[in-house]
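K.L.:
Before I ask anything, let me first share the structure, which is written out below as structure tokens.
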Amino acid sequence: MTSSAAKVSAGLGLAFLMLFNSAFAAPLTPGGSLTFSGAIAQDPCQLTPGASRITFACRGNNGVHTQQIGIQQVAQGEVTLPGVEKVSLTYLNPQKSKAVVRIDYH
């Protein structure tokens with residue numbers, strides 16, 4: 001993965017975490033700036049979480065590839081999707097009720 005793609009992937013993961021984690025709902029100081037460099041070369045995968053599975057819809061050369069994958073498989077990194085180098089899942093609490101899914105693209 002190129003350095004630019006890694007930065008974009010990390011930045012998107014951080015933005016996702018900040019948007020959906022209630023811990024970041026605390027008052028924030030307005031102002032400042034955030035700069036991304038690089039380019040998004042393909043549409044990101046769309047995720048639909050379920051109780052025990054996550055549905056991934058990833059655009060590839062042959063259209064949209066949709067696949068349901070068990071959360072345990074995702075947590076163990078056992079995911080193969082078109083245009084995706086690696087998928088990982090990190091739990092945010094001991095109850096395993098909140099998690100972040102990170103997708104690293106080629």
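By order of appearance in the structure tokens: chains A, B, ..., then residues from 1 within every chain, and ligands from 1 in the order shown.
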Can you pull out every residue within 9 Å of Ile69 in chain A, counting only C-alpha atoms, but drop anything in the same chain fewer than 4 positions away, and send it as a PyMOL selection string?
P.N.:
chain A and resi 52-56+73-74+79
K.L.:
Do you have the CA of Thr48 in chain A-CA of Ile71 in chain A distance handy?
P.N.:
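Distance reported for this atom pair: 11.7 Å.
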K.L.:
If I take CA of Cys58 in chain A and CA of Leu89 in chain A, how far is one from the other in Å, to one decimal?
P.N.:
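Computing the Euclidean distance for CA of Cys58 in chain A and CA of Leu89 in chain A yields 17.2 Å.
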K.L.:
Do you have the CA of Phe36 in chain A-CA of Val101 in chain A distance handy?
P.N.:
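The value is 20.3 Å.
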K.L.:
Nearest to Ile103 in chain A: which of A:Ala75, A:Val64, A:Ala57, A:Cys45 is it, counting only C-alpha atoms?
P.N.:
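Using only C-alpha atoms, the shortest distance to Ile103 in chain A belongs to A:Cys45.
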